file my_file-v3.csv (CSV, N, CA and C atoms)
chain,number,residue,atom,x,y,z
A,283,MET,N,9.3,25.9,-7.3
A,283,MET,CA,9.5,24.8,-6.5
A,283,MET,C,11.0,24.6,-6.2
A,284,ASN,N,11.4,24.3,-5.0
A,284,ASN,CA,12.8,24.1,-4.7
A,284,ASN,C,13.2,22.7,-5.1
A,285,ARG,N,14.5,22.5,-5.1
A,285,ARG,CA,15.1,21.2,-5.6
A,285,ARG,C,14.7,20.0,-4.8
A,286,ASP,N,14.6,20.2,-3.4
A,286,ASP,CA,14.2,19.1,-2.6
A,286,ASP,C,12.8,18.6,-2.9
A,287,SER,N,11.9,19.6,-3.0
A,287,SER,CA,10.5,19.3,-3.3
A,287,SER,C,10.3,18.6,-4.7
A,288,MET,N,11.1,19.0,-5.6
A,288,MET,CA,11.1,18.4,-7.0
A,288,MET,C,11.6,17.0,-6.9
A,289,ASN,N,12.7,16.7,-6.1
A,289,ASN,CA,13.2,15.4,-6.0
A,289,ASN,C,12.2,14.5,-5.3
A,290,ALA,N,11.4,15.0,-4.4
A,290,ALA,CA,10.4,14.2,-3.7
A,290,ALA,C,9.3,13.7,-4.6
A,291,LEU,N,9.0,14.6,-5.6
A,291,LEU,CA,8.0,14.2,-6.6
A,291,LEU,C,8.5,13.3,-7.7
A,292,ARG,N,9.8,13.1,-7.9
A,292,ARG,CA,10.3,12.3,-9.0
A,292,ARG,C,9.8,10.9,-8.9
A,293,LEU,N,9.7,10.3,-7.7
A,293,LEU,CA,9.2,8.9,-7.6
A,293,LEU,C,7.7,8.8,-7.3
A,294,ASP,N,7.0,9.8,-7.5
A,294,ASP,CA,5.5,9.8,-7.2
A,294,ASP,C,4.9,8.9,-8.3
A,295,ARG,N,4.3,7.8,-7.9
A,295,ARG,CA,3.8,6.8,-8.8
A,295,ARG,C,2.8,7.4,-9.9
A,296,ARG,N,2.1,8.4,-9.5
A,296,ARG,CA,1.2,9.1,-10.4
A,296,ARG,C,1.9,9.8,-11.5
A,297,LEU,N,3.1,10.3,-11.2
A,297,LEU,CA,3.8,11.1,-12.2
A,297,LEU,C,4.9,10.3,-13.0
A,298,MET,N,5.2,9.1,-12.6
A,298,MET,CA,6.3,8.4,-13.2
A,298,MET,C,6.0,8.0,-14.6
A,299,SER,N,4.7,7.9,-15.0
A,299,SER,CA,4.4,7.5,-16.3
A,299,SER,C,4.4,8.6,-17.3
A,300,ARG,N,4.6,9.8,-16.8
A,300,ARG,CA,4.7,11.0,-17.8
A,300,ARG,C,6.0,10.8,-18.6
A,301,ARG,N,5.8,11.1,-19.9
A,301,ARG,CA,7.0,11.0,-20.8
A,301,ARG,C,8.0,12.1,-20.4
A,302,GLY,N,9.3,11.6,-20.3
A,302,GLY,CA,10.3,12.6,-20.0
A,302,GLY,C,10.4,13.0,-18.5
A,303,TRP,N,9.6,12.4,-17.7
A,303,TRP,CA,9.6,12.9,-16.2
A,303,TRP,C,10.8,12.3,-15.5
A,304,ILE,N,11.1,11.1,-15.7
A,304,ILE,CA,12.3,10.4,-15.1
A,304,ILE,C,12.8,9.4,-16.1
A,305,SER,N,14.1,9.3,-16.2
A,305,SER,CA,14.7,8.4,-17.1
A,305,SER,C,14.8,7.0,-16.4
A,306,ARG,N,14.8,6.0,-17.2
A,306,ARG,CA,14.8,4.6,-16.7
A,306,ARG,C,16.1,4.4,-15.8
A,307,ASP,N,17.2,4.9,-16.2
A,307,ASP,CA,18.4,4.8,-15.4
A,307,ASP,C,18.3,5.5,-14.1
A,308,GLU,N,17.7,6.7,-14.1
A,308,GLU,CA,17.5,7.4,-12.8
A,308,GLU,C,16.5,6.7,-11.9
A,309,LEU,N,15.5,6.2,-12.5
A,309,LEU,CA,14.5,5.4,-11.7
A,309,LEU,C,15.2,4.2,-11.1
A,310,GLU,N,16.0,3.4,-11.8
A,310,GLU,CA,16.7,2.3,-11.2
A,310,GLU,C,17.6,2.7,-10.1
A,311,HIS,N,18.3,3.8,-10.3
A,311,HIS,CA,19.2,4.3,-9.3
A,311,HIS,C,18.5,4.7,-8.0
A,312,GLN,N,17.3,5.4,-8.2
A,312,GLN,CA,16.5,5.8,-7.0
A,312,GLN,C,15.9,4.6,-6.3
A,313,LEU,N,15.5,3.6,-7.0
A,313,LEU,CA,14.9,2.4,-6.4
A,313,LEU,C,15.9,1.6,-5.6
A,314,GLN,N,17.2,1.6,-6.1
A,314,GLN,CA,18.2,0.9,-5.5
A,314,GLN,C,18.6,1.6,-4.2
A,315,ALA,N,18.4,2.9,-4.1
A,315,ALA,CA,18.8,3.7,-3.0
A,315,ALA,C,17.8,3.7,-1.8
A,316,LEU,N,16.6,3.1,-2.1
A,316,LEU,CA,15.6,3.0,-1.0
A,316,LEU,C,16.0,2.1,0.1
A,317,PRO,N,15.7,2.4,1.3
A,317,PRO,CA,16.1,1.6,2.4
A,317,PRO,C,15.3,0.2,2.5
A,318,ASP,N,15.9,-0.8,3.1
A,318,ASP,CA,15.3,-2.1,3.2
A,318,ASP,C,14.5,-2.0,4.5
A,319,VAL,N,13.1,-2.1,4.4
A,319,VAL,CA,12.3,-2.1,5.5
A,319,VAL,C,11.5,-3.4,5.7
A,320,SER,N,12.1,-4.5,5.2
A,320,SER,CA,11.4,-5.8,5.3
A,320,SER,C,11.3,-6.2,6.8
A,321,ASP,N,12.0,-5.7,7.7
A,321,ASP,CA,11.9,-6.1,9.1
A,321,ASP,C,10.6,-5.5,9.7
A,322,LYS,N,10.0,-4.5,9.0
A,322,LYS,CA,8.7,-4.0,9.5
A,322,LYS,C,7.5,-4.7,9.1
A,323,ALA,N,7.7,-5.7,8.2
A,323,ALA,CA,6.5,-6.5,7.7
A,323,ALA,C,6.0,-7.4,8.8
A,324,GLN,N,4.6,-7.5,8.7
A,324,GLN,CA,4.0,-8.4,9.7
A,324,GLN,C,3.2,-9.5,8.9
A,325,VAL,N,3.2,-10.7,9.4
A,325,VAL,CA,2.5,-11.8,8.8
A,325,VAL,C,1.1,-11.8,9.3
A,326,VAL,N,0.2,-11.8,8.4
A,326,VAL,CA,-1.3,-11.8,8.8
A,326,VAL,C,-1.8,-13.2,8.5
A,327,ASP,N,-2.4,-13.9,9.5
A,327,ASP,CA,-3.0,-15.2,9.3
A,327,ASP,C,-4.5,-15.0,9.1
A,328,LEU,N,-4.9,-15.0,7.8
A,328,LEU,CA,-6.3,-14.7,7.5
A,328,LEU,C,-7.2,-15.8,8.0
A,329,ALA,N,-6.7,-17.0,8.0
A,329,ALA,CA,-7.6,-18.1,8.4
A,329,ALA,C,-8.1,-18.0,9.9
A,330,SER,N,-7.2,-17.5,10.8
A,330,SER,CA,-7.6,-17.3,12.2
A,330,SER,C,-8.5,-16.1,12.4
A,331,GLU,N,-8.6,-15.2,11.5
A,331,GLU,CA,-9.4,-14.0,11.6
A,331,GLU,C,-10.8,-14.2,11.1
A,332,ALA,N,-11.0,-15.1,10.2
A,332,ALA,CA,-12.3,-15.3,9.5
A,332,ALA,C,-13.2,-16.0,10.5
A,333,PRO,N,-14.5,-15.6,10.5
A,333,PRO,CA,-15.5,-16.3,11.4
A,333,PRO,C,-15.7,-17.7,10.9
A,334,ALA,N,-16.1,-18.5,11.8
A,334,ALA,CA,-16.4,-19.9,11.5
A,334,ALA,C,-17.6,-19.9,10.5
A,335,PRO,N,-17.6,-20.8,9.4
A,335,PRO,CA,-18.6,-20.8,8.4
A,335,PRO,C,-20.0,-21.2,9.0
A,336,ASP,N,-20.0,-22.0,10.0
A,336,ASP,CA,-21.3,-22.5,10.6
A,336,ASP,C,-21.8,-21.7,11.8
A,337,ALA,N,-21.1,-20.6,12.1
A,337,ALA,CA,-21.5,-19.7,13.2
A,337,ALA,C,-22.8,-18.9,12.8
A,338,PRO,N,-23.9,-19.0,13.6
A,338,PRO,CA,-25.1,-18.3,13.2
A,338,PRO,C,-24.9,-16.8,13.4
A,339,ASP,N,-25.5,-16.0,12.6
A,339,ASP,CA,-25.5,-14.5,12.7
A,339,ASP,C,-26.3,-14.1,13.9
A,340,GLU,N,-25.8,-13.2,14.8
A,340,GLU,CA,-26.5,-12.8,16.0
A,340,GLU,C,-27.7,-12.0,15.6
A,341,GLY,N,-27.7,-11.2,14.6
A,341,GLY,CA,-28.8,-10.3,14.2
A,341,GLY,C,-29.1,-9.2,15.2
A,342,GLY,N,-28.1,-8.8,15.9
A,342,GLY,CA,-28.2,-7.7,16.9
A,342,GLY,C,-28.2,-6.4,16.3
A,343,PRO,N,-28.2,-5.3,17.1
A,343,PRO,CA,-28.2,-3.9,16.6
A,343,PRO,C,-27.1,-3.7,15.6
A,344,GLY,N,-27.4,-3.0,14.5
A,344,GLY,CA,-26.3,-2.7,13.6
A,344,GLY,C,-26.1,-3.8,12.5
A,345,SER,N,-26.8,-4.9,12.7
A,345,SER,CA,-26.6,-6.0,11.7
A,345,SER,C,-27.6,-5.8,10.6
A,346,SER,N,-27.3,-6.2,9.4
A,346,SER,CA,-28.2,-6.0,8.2
A,346,SER,C,-29.3,-7.0,8.3
A,347,THR,N,-29.2,-8.1,9.1
A,347,THR,CA,-30.3,-9.1,9.1
A,347,THR,C,-31.3,-8.8,10.1
A,348,GLY,N,-31.1,-7.8,10.9
A,348,GLY,CA,-32.1,-7.4,12.0
A,348,GLY,C,-33.2,-6.5,11.5
A,349,LEU,N,-33.4,-6.4,10.2
A,349,LEU,CA,-34.4,-5.4,9.7
A,349,LEU,C,-35.8,-6.0,9.7
call {"tool": "encode", "arguments": {"input": "my_file-v3.csv", "output": "structure tokens"}}
result
Amino acid sequence: MNRDSMNALRLDRRLMSRRGWISRDELEHQLQALPDVSDKAQVVDLASEAPAPDAPDEGGPGSSTGL
């Protein structure tokens, strides 16, 4: 494995719990070096996406109540 591939695996969440894989200091340094991507976050309003509680089920094709 080349050095770049090995460095890409260092922060793999599945491998970080391995004893001796990455030191706590190195992990902190790598986490601090990650870019800030908070501007890409989107707010999801779950209340507006949920169907109305009193809306009747159509029972059309593909619904589980149309059996």
call {"tool": "residues_around", "arguments": {"input": "my_file-v3.csv", "residues": "A:Trp303", "least_positions_apart": "6", "cutoff": "12 Å", "atoms": "only C-alpha atoms", "output": "ChimeraX atom specification"}}
result
/A:288-289,291-297,309
call {"tool": "atom_distance", "arguments": {"input": "my_file-v3.csv", "atom1": "atom CA of A:Ile304", "atom2": "atom CA of A:Arg285"}}
result
14.7 Å
call {"tool": "atom_distance", "arguments": {"input": "my_file-v3.csv", "atom1": "atom CA of A:Val319", "atom2": "atom CA of A:Met298"}}
result
22.3 Å
call {"tool": "atom_distance", "arguments": {"input": "my_file-v3.csv", "atom1": "atom CA of A:Asp286", "atom2": "atom CA of A:Pro317"}}
result
18.3 Å
